[in-house]
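K.L.:
Input structure: start07.cif, which contains mmCIF, C-alpha atoms.
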```cif
data_query
#
loop_
_atom_site.label_atom_id
_atom_site.label_comp_id
_atom_site.auth_asym_id
_atom_site.auth_seq_id
_atom_site.Cartn_x
_atom_site.Cartn_y
_atom_site.Cartn_z
CA MET N 698 3.94 22.72 8.89
CA ASN N 699 1.88 21.48 5.98
CA ALA N 700 3.70 19.94 3.04
CA PRO N 701 3.24 21.89 -0.24
CA LEU N 702 0.33 20.73 -2.39
CA GLU N 703 2.68 19.95 -5.27
CA TYR N 704 4.49 17.49 -3.01
CA LEU N 705 1.25 15.77 -1.95
CA LEU N 706 0.34 15.44 -5.63
CA HIS N 707 3.78 13.98 -6.39
CA LEU N 708 3.22 11.25 -3.78
CA ALA N 709 -0.39 10.66 -4.84
CA ASP N 710 0.42 10.55 -8.57
CA ASN N 711 3.22 8.06 -7.92
CA ALA N 712 0.77 5.82 -6.11
CA VAL N 713 -2.09 6.06 -8.58
CA VAL N 714 0.06 5.58 -11.68
CA LEU N 715 1.85 2.50 -10.35
CA GLY N 716 -1.46 1.20 -8.95
CA GLN N 717 -3.03 1.53 -12.39
CA ARG N 718 -0.02 -0.06 -14.13
CA ASN N 719 0.10 -3.06 -11.83
CA ALA N 720 -3.67 -3.50 -12.04
CA GLU N 721 -3.11 -4.44 -15.71
CA TRP N 722 -2.06 -7.84 -14.36
CA CYS N 723 -5.47 -8.41 -12.79
CA GLY N 724 -6.79 -11.56 -14.43
CA HIS N 725 -3.52 -12.02 -16.40
CA GLY N 726 -1.02 -12.93 -13.67
CA PRO N 727 1.59 -15.59 -14.48
CA ILE N 728 0.19 -17.75 -11.67
CA LEU N 729 -2.93 -17.32 -9.56
CA GLU N 730 -1.05 -16.34 -6.39
CA GLU N 731 0.83 -13.59 -8.22
CA ASP N 732 -2.34 -12.35 -9.89
CA ILE N 733 -3.81 -11.93 -6.41
CA ALA N 734 -0.60 -10.44 -5.01
CA LEU N 735 -0.38 -7.77 -7.71
CA SER N 736 -4.06 -6.90 -7.27
CA ASN N 737 -3.44 -6.49 -3.53
CA VAL N 738 -0.39 -4.32 -4.12
CA SER N 739 -2.40 -2.20 -6.56
CA LEU N 740 -5.19 -1.87 -4.06
CA ASP N 741 -2.75 -0.58 -1.45
CA HIS N 742 -1.36 1.96 -3.92
CA ILE N 743 -4.79 3.17 -4.97
CA GLY N 744 -5.81 3.40 -1.30
CA GLN N 745 -2.71 5.46 -0.54
CA ALA N 746 -3.41 7.66 -3.56
CA ARG N 747 -6.98 8.27 -2.41
CA LEU N 748 -5.89 9.34 1.08
CA LEU N 749 -3.32 11.72 -0.43
CA TYR N 750 -5.72 13.17 -3.02
CA GLN N 751 -8.38 13.62 -0.33
CA LEU N 752 -5.89 15.53 1.79
CA ALA N 753 -4.74 17.66 -1.14
CA ALA N 754 -8.35 18.35 -2.20
CA ALA N 755 -9.38 19.34 1.33
CA ARG N 756 -6.50 21.82 1.49
CA MET N 757 -7.19 23.20 -2.01
CA GLY N 758 -10.87 23.89 -1.32
CA GLU N 759 -12.79 25.53 -4.19
CA GLY N 760 -14.58 22.34 -5.09
CA ALA N 761 -11.49 20.15 -5.47
CA THR N 762 -12.16 16.45 -4.96
CA GLU N 763 -10.06 13.31 -5.11
CA ASP N 764 -11.82 12.35 -8.35
CA ARG N 765 -11.11 15.66 -10.01
CA LEU N 766 -7.43 15.33 -9.16
CA ALA N 767 -7.16 11.77 -10.42
CA TYR N 768 -9.40 11.91 -13.47
CA PHE N 769 -9.45 15.49 -14.76
CA ARG N 770 -5.79 16.43 -14.91
CA ASP N 771 -3.79 15.73 -18.08
CA ALA N 772 -0.41 14.04 -18.37
CA ALA N 773 1.64 17.23 -18.10
CA GLU N 774 -0.04 18.00 -14.76
CA PHE N 775 0.96 14.65 -13.25
CA ARG N 776 3.98 14.71 -10.94
CA ASN N 777 4.87 11.00 -10.81
CA TYR N 778 8.27 9.47 -11.48
CA THR N 779 8.69 8.43 -15.11
CA LEU N 780 9.77 4.97 -13.86
CA LEU N 781 6.24 4.24 -12.68
CA GLU N 782 4.43 4.96 -15.96
CA LEU N 783 6.56 2.68 -18.15
CA PRO N 784 4.80 -0.37 -19.61
CA HIS N 785 5.56 -3.90 -18.38
CA HIS N 786 8.14 -4.52 -21.09
CA GLY N 787 11.41 -3.20 -22.46
CA PRO N 788 11.88 0.09 -24.32
CA LEU N 789 9.29 0.36 -27.12
CA VAL N 790 7.23 3.25 -28.45
CA GLY N 791 4.01 4.15 -26.70
CA TYR N 792 1.64 2.50 -29.19
CA ALA N 793 3.62 -0.76 -29.38
CA VAL N 794 1.82 -3.92 -28.37
CA ALA N 795 4.02 -6.40 -26.55
CA GLU N 796 3.69 -9.23 -24.06
CA ARG N 797 3.81 -8.08 -20.45
CA ASP N 798 7.06 -9.19 -18.84
CA TYR N 799 6.77 -10.10 -15.16
CA ALA N 800 10.47 -9.46 -14.51
CA THR N 801 9.97 -5.83 -15.55
CA THR N 802 6.99 -5.55 -13.20
CA ILE N 803 8.88 -7.07 -10.27
CA VAL N 804 12.12 -5.13 -10.75
CA ARG N 805 10.20 -1.83 -10.91
CA ASN N 806 8.18 -2.69 -7.80
CA PHE N 807 11.41 -3.57 -6.01
CA LEU N 808 13.26 -0.37 -6.92
CA TYR N 809 10.28 1.77 -5.93
CA ALA N 810 9.29 -0.07 -2.74
CA ALA N 811 12.91 0.04 -1.54
CA LEU N 812 12.69 3.83 -1.83
CA MET N 813 9.20 4.26 -0.41
CA VAL N 814 9.81 2.28 2.78
CA LEU N 815 12.46 4.90 3.58
CA VAL N 816 10.33 7.84 2.42
CA TRP N 817 7.24 6.81 4.42
CA GLU N 818 9.37 6.17 7.52
CA ALA N 819 10.73 9.71 7.25
CA LEU N 820 7.33 11.26 6.48
CA GLU N 821 5.91 9.54 9.56
CA GLN N 822 8.34 11.69 11.61
CA GLY N 823 7.69 14.82 9.54
CA SER N 824 6.04 18.10 10.55
CA ASP N 825 2.79 17.63 8.59
CA PRO N 826 0.52 15.65 10.94
CA ASP N 827 -2.02 14.61 8.27
CA LEU N 828 0.71 13.40 5.93
CA ALA N 829 2.43 11.62 8.83
CA ALA N 830 -0.82 9.75 9.56
CA ILE N 831 -1.04 8.54 5.96
CA ALA N 832 2.64 7.58 6.01
CA ALA N 833 2.19 5.56 9.21
CA LYS N 834 -0.30 3.35 7.37
CA ALA N 835 1.45 3.28 4.02
CA VAL N 836 4.79 2.19 5.45
CA LYS N 837 3.27 -1.01 6.81
CA GLU N 838 1.87 -1.84 3.39
CA THR N 839 5.05 -0.89 1.55
CA ARG N 840 7.15 -3.22 3.72
CA TYR N 841 5.05 -6.09 2.38
CA HIS N 842 5.51 -4.80 -1.17
CA LEU N 843 9.28 -4.71 -0.67
CA HIS N 844 9.39 -8.24 0.76
CA HIS N 845 7.29 -9.53 -2.11
CA ALA N 846 9.28 -7.84 -4.86
CA ALA N 847 12.70 -8.56 -3.32
CA ASP N 848 11.84 -12.26 -2.95
CA TRP N 849 10.93 -12.46 -6.63
CA VAL N 850 14.02 -10.53 -7.75
CA VAL N 851 16.09 -13.22 -6.03
CA ARG N 852 14.02 -16.07 -7.46
CA PHE N 853 14.29 -14.66 -10.99
CA GLY N 854 17.93 -13.64 -10.78
CA ASP N 855 19.10 -16.83 -9.13
CA GLY N 856 16.63 -18.98 -11.07
CA THR N 857 16.85 -20.35 -14.61
CA ASP N 858 18.96 -18.92 -17.44
CA GLU N 859 15.77 -17.48 -18.93
CA SER N 860 14.54 -15.83 -15.72
CA HIS N 861 18.03 -14.50 -14.97
CA ALA N 862 18.37 -12.98 -18.43
CA ARG N 863 14.95 -11.35 -18.22
CA ALA N 864 15.58 -9.96 -14.73
CA GLN N 865 18.94 -8.56 -15.84
CA ALA N 866 17.37 -6.98 -18.93
CA ALA N 867 14.64 -5.42 -16.79
CA LEU N 868 17.24 -4.06 -14.38
CA ASP N 869 19.37 -2.65 -17.21
CA HIS N 870 16.27 -0.97 -18.64
CA LEU N 871 14.78 0.39 -15.40
CA LEU N 872 17.61 1.21 -13.02
CA PRO N 873 18.71 4.33 -14.96
CA TYR N 874 15.22 5.79 -14.41
CA THR N 875 15.89 5.84 -10.65
CA GLU N 876 18.31 8.75 -11.24
CA GLU N 877 15.18 10.87 -10.97
CA PHE N 878 14.90 9.96 -7.27
CA TRP N 879 18.08 11.85 -6.40
CA THR N 880 17.61 15.15 -8.23
CA PRO N 881 15.31 17.23 -6.02
CA SER N 882 12.31 19.01 -7.54
CA PRO N 883 11.23 22.43 -6.22
CA ALA N 884 8.27 20.70 -4.46
CA GLU N 885 10.58 18.22 -2.71
CA THR N 886 12.97 20.97 -1.69
CA ALA N 887 10.09 23.03 -0.28
CA ALA N 888 8.66 19.99 1.55
CA ALA N 889 12.05 19.28 3.10
CA ALA N 890 12.59 22.94 4.00
CA CYS N 891 9.39 23.01 6.06
CA GLY N 892 10.31 19.79 7.87
CA ALA N 893 7.51 17.70 6.35
CA ALA N 894 9.63 15.47 4.13
CA PRO N 895 13.14 14.07 3.91
CA LEU N 896 15.79 15.12 1.43
CA LEU N 897 16.00 12.07 -0.76
CA ALA N 898 19.76 12.40 -1.08
CA ASP N 899 19.91 11.52 2.64
CA LEU N 900 18.14 8.21 1.94
CA ARG N 901 20.38 7.17 -0.92
CA SER N 902 22.91 5.11 1.02
CA ALA N 903 20.14 3.10 2.72
CA TRP N 904 18.47 2.55 -0.67
CA ASP N 905 21.79 1.48 -2.20
CA ALA N 906 22.33 -0.97 0.66
CA GLN N 907 18.94 -2.59 0.04
CA VAL N 908 19.37 -2.71 -3.73
CA ASP N 909 22.92 -4.08 -3.55
CA ALA N 910 22.01 -6.74 -0.97
CA THR N 911 19.11 -8.03 -3.05
CA LEU N 912 20.99 -7.91 -6.34
CA ALA N 913 23.90 -9.81 -4.76
CA ALA N 914 21.54 -12.53 -3.52
CA ALA N 915 19.95 -12.58 -6.97
CA THR N 916 23.33 -12.84 -8.77
CA LEU N 917 22.35 -9.79 -10.82
CA ARG N 918 24.77 -7.11 -11.98
CA ARG N 919 24.00 -3.49 -11.21
CA PRO N 920 24.39 -1.47 -14.41
CA GLN N 921 26.84 1.39 -13.92
CA GLU N 922 26.33 3.42 -17.11
CA PRO N 923 25.72 7.11 -16.49
CA ALA N 924 22.06 7.82 -17.04
CA TYR N 925 19.73 10.37 -18.49
CA VAL N 926 17.77 11.96 -15.63
CA PRO N 927 14.03 11.73 -16.29
CA GLU N 928 11.78 14.59 -15.16
CA GLY N 929 8.36 13.02 -14.69
CA LYS N 930 7.98 14.66 -11.31
CA LEU N 931 8.26 18.04 -13.07
CA GLY N 932 5.48 17.05 -15.47
CA ARG N 933 7.77 16.11 -18.36
CA HIS N 934 6.76 12.51 -19.02
CA SER N 935 7.41 9.69 -21.45
CA GLU N 936 4.79 9.06 -24.14
CA HIS N 937 3.49 6.14 -22.07
CA LEU N 938 1.71 8.19 -19.41
CA SER N 939 -1.02 9.58 -21.65
CA TYR N 940 -1.91 6.08 -22.87
CA LEU N 941 -2.19 4.95 -19.26
CA LEU N 942 -4.29 7.97 -18.29
CA GLY N 943 -6.41 7.58 -21.40
CA GLU N 944 -7.56 4.23 -20.10
CA MET N 945 -7.78 5.23 -16.45
CA GLN N 946 -9.69 8.48 -17.03
CA SER N 947 -11.99 7.49 -19.89
CA LEU N 948 -14.97 6.44 -17.78
CA ALA N 949 -14.95 9.48 -15.51
CA ARG N 950 -14.60 11.81 -18.52
CA ALA N 951 -17.30 10.11 -20.56
CA HIS N 952 -19.73 10.23 -17.64
CA PRO N 953 -18.71 13.18 -15.44
CA GLY N 954 -20.20 12.97 -11.98
CA ALA N 955 -21.41 9.39 -12.47
CA VAL N 956 -22.06 7.50 -9.22
CA TRP N 957 -23.03 3.97 -8.36
CA MET R 793 -30.89 3.61 32.30
CA ALA R 794 -27.85 3.17 30.07
CA SER R 795 -26.38 6.34 28.62
CA LEU R 796 -26.59 6.98 24.89
CA VAL R 797 -22.90 6.13 24.56
CA GLU R 798 -23.41 2.78 26.34
CA GLN R 799 -26.42 2.04 24.16
CA ALA R 800 -24.35 2.73 21.06
CA TRP R 801 -21.53 0.41 22.17
CA ALA R 802 -24.11 -2.30 22.89
CA ALA R 803 -25.87 -1.84 19.53
CA LEU R 804 -22.60 -1.83 17.57
CA GLU R 805 -21.50 -5.09 19.18
CA SER R 806 -23.62 -6.78 16.48
CA VAL R 807 -21.79 -5.07 13.59
CA THR R 808 -19.11 -7.34 12.16
CA ASP R 809 -16.45 -6.99 9.52
CA PRO R 810 -18.10 -7.54 6.10
CA GLU R 811 -15.33 -9.96 5.05
CA ILE R 812 -14.96 -11.77 8.39
CA PRO R 813 -18.49 -11.99 9.77
CA VAL R 814 -17.47 -13.65 13.05
CA VAL R 815 -15.65 -10.72 14.65
CA SER R 816 -17.12 -7.37 15.60
CA LEU R 817 -15.63 -4.04 14.53
CA ARG R 818 -14.80 -3.35 18.19
CA GLU R 819 -12.93 -6.64 18.56
CA LEU R 820 -10.92 -5.95 15.40
CA GLY R 821 -9.96 -2.50 16.63
CA ILE R 822 -11.71 -0.70 13.76
CA LEU R 823 -14.31 0.93 16.04
CA ARG R 824 -12.16 3.37 18.04
CA SER R 825 -14.38 5.59 20.16
CA ILE R 826 -17.90 6.82 20.79
CA GLU R 827 -18.38 10.22 22.36
CA ALA R 828 -21.27 12.55 23.05
CA ALA R 829 -21.28 15.53 20.69
CA GLY R 830 -24.14 18.00 21.01
CA GLU R 831 -27.48 16.20 20.61
CA GLY R 832 -25.97 13.00 19.23
CA LEU R 833 -22.80 10.98 19.16
CA GLU R 834 -19.52 10.97 17.29
CA VAL R 835 -18.43 7.49 16.34
CA VAL R 836 -14.81 7.13 15.21
CA ILE R 837 -13.66 4.30 12.98
CA THR R 838 -10.19 3.75 11.52
CA PRO R 839 -9.30 1.95 8.30
CA THR R 840 -7.26 -1.23 8.32
CA TYR R 841 -5.33 -1.11 5.02
CA SER R 842 -5.31 2.20 3.09
CA GLY R 843 -7.18 0.60 0.21
CA CYS R 844 -9.44 -1.76 2.14
CA PRO R 845 -12.58 -1.84 -0.04
CA ALA R 846 -14.71 -2.79 2.96
CA MET R 847 -14.34 0.64 4.63
CA GLY R 848 -17.27 2.21 2.77
CA GLN R 849 -19.44 -0.75 3.72
CA ILE R 850 -18.27 -0.58 7.34
CA GLU R 851 -19.15 3.10 7.60
CA ASP R 852 -22.60 2.44 6.11
CA ASP R 853 -23.15 -0.54 8.44
CA VAL R 854 -22.27 1.51 11.53
CA ALA R 855 -24.54 4.39 10.50
CA ALA R 856 -27.40 2.02 9.62
CA CYS R 857 -27.09 0.12 12.90
CA LEU R 858 -27.26 3.31 14.97
CA ALA R 859 -30.16 4.64 12.88
CA ARG R 860 -32.09 1.42 13.52
CA ALA R 861 -31.44 1.81 17.24
CA GLY R 862 -32.73 5.40 17.07
CA ILE R 863 -29.35 6.84 18.11
CA PRO R 864 -28.41 10.07 16.31
CA ALA R 865 -24.73 9.83 15.37
CA ARG R 866 -22.08 10.97 12.95
CA VAL R 867 -19.48 8.45 11.74
CA LEU R 868 -15.97 9.87 11.41
CA THR R 869 -12.93 8.16 9.89
CA ARG R 870 -9.60 8.92 11.56
CA LEU R 871 -6.20 7.64 10.38
CA ALA R 872 -4.06 8.34 13.44
CA PRO R 873 -3.00 6.44 15.39
CA ALA R 874 -2.61 3.90 12.60
CA TRP R 875 -4.55 0.68 13.04
CA THR R 876 -2.50 -2.32 14.07
CA THR R 877 -3.36 -5.98 14.45
CA ASP R 878 -1.92 -5.70 17.98
CA TRP R 879 -5.23 -4.02 18.92
CA MET R 880 -7.17 -7.23 18.27
CA SER R 881 -8.70 -8.58 21.44
CA PRO R 882 -7.94 -12.14 22.61
CA THR R 883 -11.61 -12.95 21.90
CA ALA R 884 -11.18 -11.75 18.32
CA ARG R 885 -8.10 -13.96 17.91
CA ALA R 886 -9.96 -16.96 19.28
CA LYS R 887 -12.90 -16.31 16.95
CA LEU R 888 -10.63 -15.97 13.90
CA HIS R 889 -8.96 -19.26 14.80
CA ALA R 890 -12.30 -21.01 15.19
CA TYR R 891 -13.39 -19.56 11.82
CA GLY R 892 -10.31 -21.06 10.11
CA ILE R 893 -8.11 -17.96 9.92
CA ALA R 894 -4.77 -18.13 11.76
CA PRO R 895 -4.65 -15.02 13.99
CA PRO R 896 -1.78 -12.53 13.53
CA HIS R 897 1.52 -12.75 15.39
CA PRO R 898 2.48 -9.60 17.32
CA VAL R 899 3.97 -6.88 15.10
CA ALA R 900 7.77 -7.05 15.25
CA PRO R 901 9.14 -4.13 17.29
CA ARG R 902 11.09 -1.55 15.30
CA ALA R 903 13.95 0.74 16.24
CA PRO R 904 12.65 3.84 18.06
CA ALA R 905 12.17 6.94 15.94
CA GLY R 906 15.11 9.29 15.84
CA ALA R 907 17.62 6.61 16.78
CA GLN R 908 20.26 6.49 14.05
CA ALA R 909 19.49 2.87 13.40
CA VAL R 910 21.36 0.92 10.77
CA PRO R 911 18.99 0.69 7.78
CA GLN R 912 17.01 -2.52 7.99
CA VAL R 913 17.79 -4.36 4.81
CA VAL R 914 15.18 -6.88 3.69
CA HIS R 915 16.80 -10.21 2.93
CA PHE R 916 15.46 -13.11 0.92
CA MET R 917 13.66 -15.62 3.09
CA ARG R 918 13.09 -19.15 1.92
CA THR R 919 10.38 -19.61 4.53
CA ALA R 920 8.08 -17.30 6.46
CA PRO R 921 9.72 -15.56 9.44
CA ALA R 922 7.76 -17.30 12.21
CA PRO R 923 5.82 -20.55 12.05
CA VAL R 924 2.06 -20.12 11.76
CA ALA R 925 -0.05 -22.85 13.36
CA CYS R 926 -2.70 -24.50 11.21
CA PRO R 927 -6.11 -23.44 12.55
CA ARG R 928 -7.54 -26.86 11.66
CA CYS R 929 -5.06 -29.38 13.15
CA GLY R 930 -2.76 -27.13 15.17
CA SER R 931 0.42 -28.25 13.42
CA SER R 932 3.16 -25.66 12.98
CA HIS R 933 4.45 -27.61 9.99
CA THR R 934 3.01 -25.11 7.50
CA ARG R 935 4.28 -23.08 4.59
CA GLU R 936 3.49 -19.69 3.15
CA THR R 937 1.98 -20.07 -0.33
CA SER R 938 1.77 -16.32 -0.93
CA ARG R 939 2.16 -13.23 1.20
CA PHE R 940 -1.00 -11.84 -0.37
CA GLY R 941 -4.38 -13.52 -0.08
CA SER R 942 -8.10 -13.19 -0.58
CA THR R 943 -8.23 -9.80 1.16
CA ALA R 944 -5.63 -7.09 1.79
CA CYS R 945 -5.15 -8.22 5.40
CA LYS R 946 -4.43 -11.91 4.81
CA ALA R 947 -1.68 -14.20 3.49
CA LEU R 948 -2.12 -17.68 1.99
CA TYR R 949 -0.74 -20.68 3.88
CA GLN R 950 -0.92 -24.43 3.63
CA CYS R 951 -0.63 -27.03 6.39
CA LEU R 952 1.92 -29.67 5.40
CA ASP R 953 0.44 -32.23 7.85
CA CYS R 954 -3.32 -32.10 7.23
CA ARG R 955 -2.76 -30.47 3.76
CA GLU R 956 -5.47 -27.89 4.43
CA PRO R 957 -4.91 -24.47 2.80
CA PHE R 958 -5.76 -21.61 5.13
CA ASP R 959 -5.60 -17.82 5.56
CA TYR R 960 -3.21 -16.10 7.95
CA PHE R 961 -4.13 -12.64 9.21
CA LYS R 962 -0.93 -10.66 8.53
CA PRO R 963 0.68 -8.62 11.32
CA TYR R 964 0.16 -4.95 10.38
#
```
As structure tokens, how would this structure be written, given the file I've shared?

P.N.:
Amino acid sequence: MNAPLEYLLHLADNAVVLGQRNAEWCGHGPILEEDIALSNVSLDHIGQARLLYQLAAARMGEGATEDRLAYFRDAAEFRNYTLLELPHHGPLVGYAVAERDYATTIVRNFLYAALMVLVWEALEQGSDPDLAAIAAKAVKETRYHLHHAADWVVRFGDGTDESHARAQAALDHLLPYTEEFWTPSPAETAAAACGAAPLLADLRSAWDAQVDATLAAATLRRPQEPAYVPEGKLGRHSEHLSYLLGEMQSLARAHPGAVW
Amino acid sequence: MASLVEQAWAALESVTDPEIPVVSLRELGILRSIEAAGEGLEVVITPTYSGCPAMGQIEDDVAACLARAGIPARVLTRLAPAWTTDWMSPTARAKLHAYGIAPPHPVAPRAPAGAQAVPQVVHFMRTAPAPVACPRCGSSHTRETSRFGSTACKALYQCLDCREPFDYFKPY
């Protein structure tokens, strides 16, 4: 059974938005090795996004292409988690200019990779053979992302006073956004009903175990405040997504059909 | 006279990975199959990493090589089964080593699908999981500098005996 198109776009939009966000570090990494690491992680995400958009486009027909899906949809049509579109710093308005904070980058990558290892593992066993083939590749890449991010969460949390404080602030800021993982969208419910995808609620205890183990090693405190539930995957985004898309889509929109 | 399929395998033996020009696509496990299809051939390749930027080049190189050899063929990309470094031939591993890239360890086995396995929690590791031998001096006294390197498929290492930095082809 094929997964619904909306669900494929949710997975693809997650990957492309985080890939674009993390690519902002290219040439600006705190150290050379991390600059290269983040570029590699971005490349994996953009590769995963391309495979998913290609699959969605092939199933849509009527002239759909991966480029049209990535570059010619507006913010309200994107189905990514709000967590992934946030800038690399604490809560500020969309037009604010602030230093990128590597703790924010790492904590986000950790929270998301911890989820996606579980999601890809489940999709690999799902009823949509094309999606399962993409998941079988993506899971191998995401395990490296999780190792990378989890190692840095521990280094920051159990590091200096400054790195600990910044990691804790990033966690306090970002963890509430993960509430969105656990409230199913109609696309997720439909994908689970046809056997293509897991119910995310079933993955929550495994995700909690990973998060708690890493935070304990990092001497970080998990914030417990009840959270607002974001709805990025329903197309209701923060103001940050359209700034991100503005940059990502400008070339394709200024020169439609351009090739090199 | 060799069949068209045999000719294609022979011709493609000269096509190497664009980033690692000492190993052929067949040895790396990227070139999966060549089969007769109508008047020509169907050549199947599989990507390494989802975002490997060399895939476009690899597809072009395969098509160009077969065109030069006068073999009509279509190049198809197939994702399943997913590429793994376990497919690398012993020759490929030896060539990587000679080129200065530590070849990949076998991929760690995972719990079988469907088994209600305890979730595998990733724990902080001060050092890399298994020692990687320096391709220059052979010492296993090495350290991981970064799990991500010059290409998607490699990690950065340094030998603590001869001090040489080197690439390690990551198990995938």

K.L.:
For the file shown, what are the residues hit by the PyMOL selection byres ((chain N and resi 722) around 10), laid out as a list of chain:residue names?

P.N.:
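Selected by the PyMOL selection byres ((chain N and resi 722) around 10) in this file: N:Gln717, N:Arg718, N:Asn719, N:Ala720, N:Glu721, N:Cys723, N:Gly724, N:His725, N:Gly726, N:Pro727, N:Glu731, N:Asp732, N:Ile733, N:Ala734, N:Leu735, N:Ser736, N:Ser739, N:His785, N:Arg797, N:Tyr799, N:Thr802.
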
K.L.:
Run the PyMOL selection byres ((chain N) within 6 of (chain R)) on the file and write out the hits as a list in words.

P.N.:
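That selection, the PyMOL selection byres ((chain N) within 6 of (chain R)), comes back as Ala734, Asn737, Leu740, Asp741, Gly744, Gln745, Ala830, Lys834, Asp848, Ala903 and Gln907 of chain N.
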
K.L.:
For Pro784 (chain N), please output as a ChimeraX atom specification all residues within 12 Å (counting all atoms listed in the file; exclusion window: fewer than 5 positions along the same chain).

P.N.:
/N:714-715,717-722,779,789-802,805,867,870-871,935-941

K.L.:
Going by the chain IDs and residue numbers used in this file, which residues fall under the PyMOL selection byres ((chain R and resi 952) around 12)? Write them as JSON, numbers by chain.

P.N.:
{"R": [923, 924, 925, 926, 928, 929, 930, 931, 932, 933, 934, 935, 936, 937, 949, 950, 951, 953, 954, 955, 956, 957, 958]}

K.L.:
I'd like the interatomic distance between CA of Ser824 (chain N) and CA of Leu896 (chain N), to a tenth of an Å.

P.N.:
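So the two atoms, CA of Ser824 (chain N) and CA of Leu896 (chain N), lie 13.7 Å apart.
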
K.L.:
At a cut-off of 7 Å, using all atoms listed in the file, what residues contact Ser825 (chain R)? Leave out same-chain residues fewer than 2 positions from it and give the result as a ChimeraX atom specification.

P.N.:
/R:823,827,835-836

K.L.:
Counting all atoms listed in the file, what is within 6 Å of region 852-854 of chain N, bar same-chain residues fewer than 6 positions away, as a JSON list (two decimals) with C-alpha atoms, in the frame of the given file?

P.N.:
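Heads up, here's the output in selection-v7.json:
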```
[["chain", "number", "residue", "atom", "x", "y", "z"],
["N", 860, "SER", "CA", 14.54, -15.83, -15.72],
["N", 861, "HIS", "CA", 18.03, -14.50, -14.97],
["N", 864, "ALA", "CA", 15.58, -9.96, -14.73],
["N", 915, "ALA", "CA", 19.95, -12.58, -6.97],
["N", 916, "THR", "CA", 23.33, -12.84, -8.77],
["N", 917, "LEU", "CA", 22.35, -9.79, -10.82]]
```

K.L.:
Using all atoms listed in the file, find the one residue out of R:Ser816, R:Ile863, R:Leu888, R:Asp852 that sits nearest to Ser795 (chain R).

P.N.:
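Of R:Ser816, R:Ile863, R:Leu888, R:Asp852, the one nearest Ser795 (chain R) is R:Ile863, counting all atoms listed in the file.
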
K.L.:
Nearest residue to Tyr925 (chain N) out of N:Pro873, N:Gly892, N:Pro883, N:Gly716, using all atoms listed in the file?

P.N.:
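Closest to Tyr925 (chain N), using all atoms listed in the file: N:Pro873.
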
K.L.:
Provide the CA of Phe961 (chain R) to CA of His845 (chain N) distance in Å, to one decimal place.

P.N.:
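A separation of 16.4 Å between them.
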
K.L.:
Near Val854 (chain R), counting only C-alpha atoms, which residues have an atom at most 7 Å away, once you skip same-chain residues fewer than 3 positions from it, shown as a ChimeraX atom specification?

P.N.:
/R:804,807,850-851,857-858

K.L.:
Hey, can I get the axis-aligned box for region 859-874 of chain N? All listed atoms, 6 Å padding on each side, centre and edge lengths in Å to one decimal, as lines of an AutoDock Vina configuration file.

P.N.:
```
center_x = 17.0
center_y = -5.8
center_z = -16.0
size_x = 16.8
size_y = 35.3
size_z = 17.9
```

K.L.:
In Å to one decimal, how far is CA of Ile803 (chain N) from CA of Tyr841 (chain N)?

P.N.:
13.3 Å

K.L.:
Mind checking which residues fall within 7 Å of Leu820 (chain R), counting all atoms listed in the file, ignoring those fewer than 6 positions away in the same chain, and posting them as a tab-separated table (two decimals) with C-alpha atoms, in the coordinates of the input?

P.N.:
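Wrote it out as out.tsv, contents follow:
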```tsv
chain	number	residue	atom	x	y	z
R	879	TRP	CA	-5.23	-4.02	18.92
R	880	MET	CA	-7.17	-7.23	18.27
R	881	SER	CA	-8.70	-8.58	21.44
R	884	ALA	CA	-11.18	-11.75	18.32
```

K.L.:
Point out the residue among R:Pro927, R:Ala861, R:Asp878, R:Ala846 with the least atom-to-atom distance to Glu811 (chain R), counting only C-alpha atoms.

P.N.:
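Under the stated criterion, the closest residue is R:Ala846.
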
K.L.:
With all atoms listed in the file as the basis for distance, which of N:Val814, N:Leu781, N:Ala890, N:Leu752 is at the shortest distance from Leu872 (chain N)?

P.N.:
N:Leu781
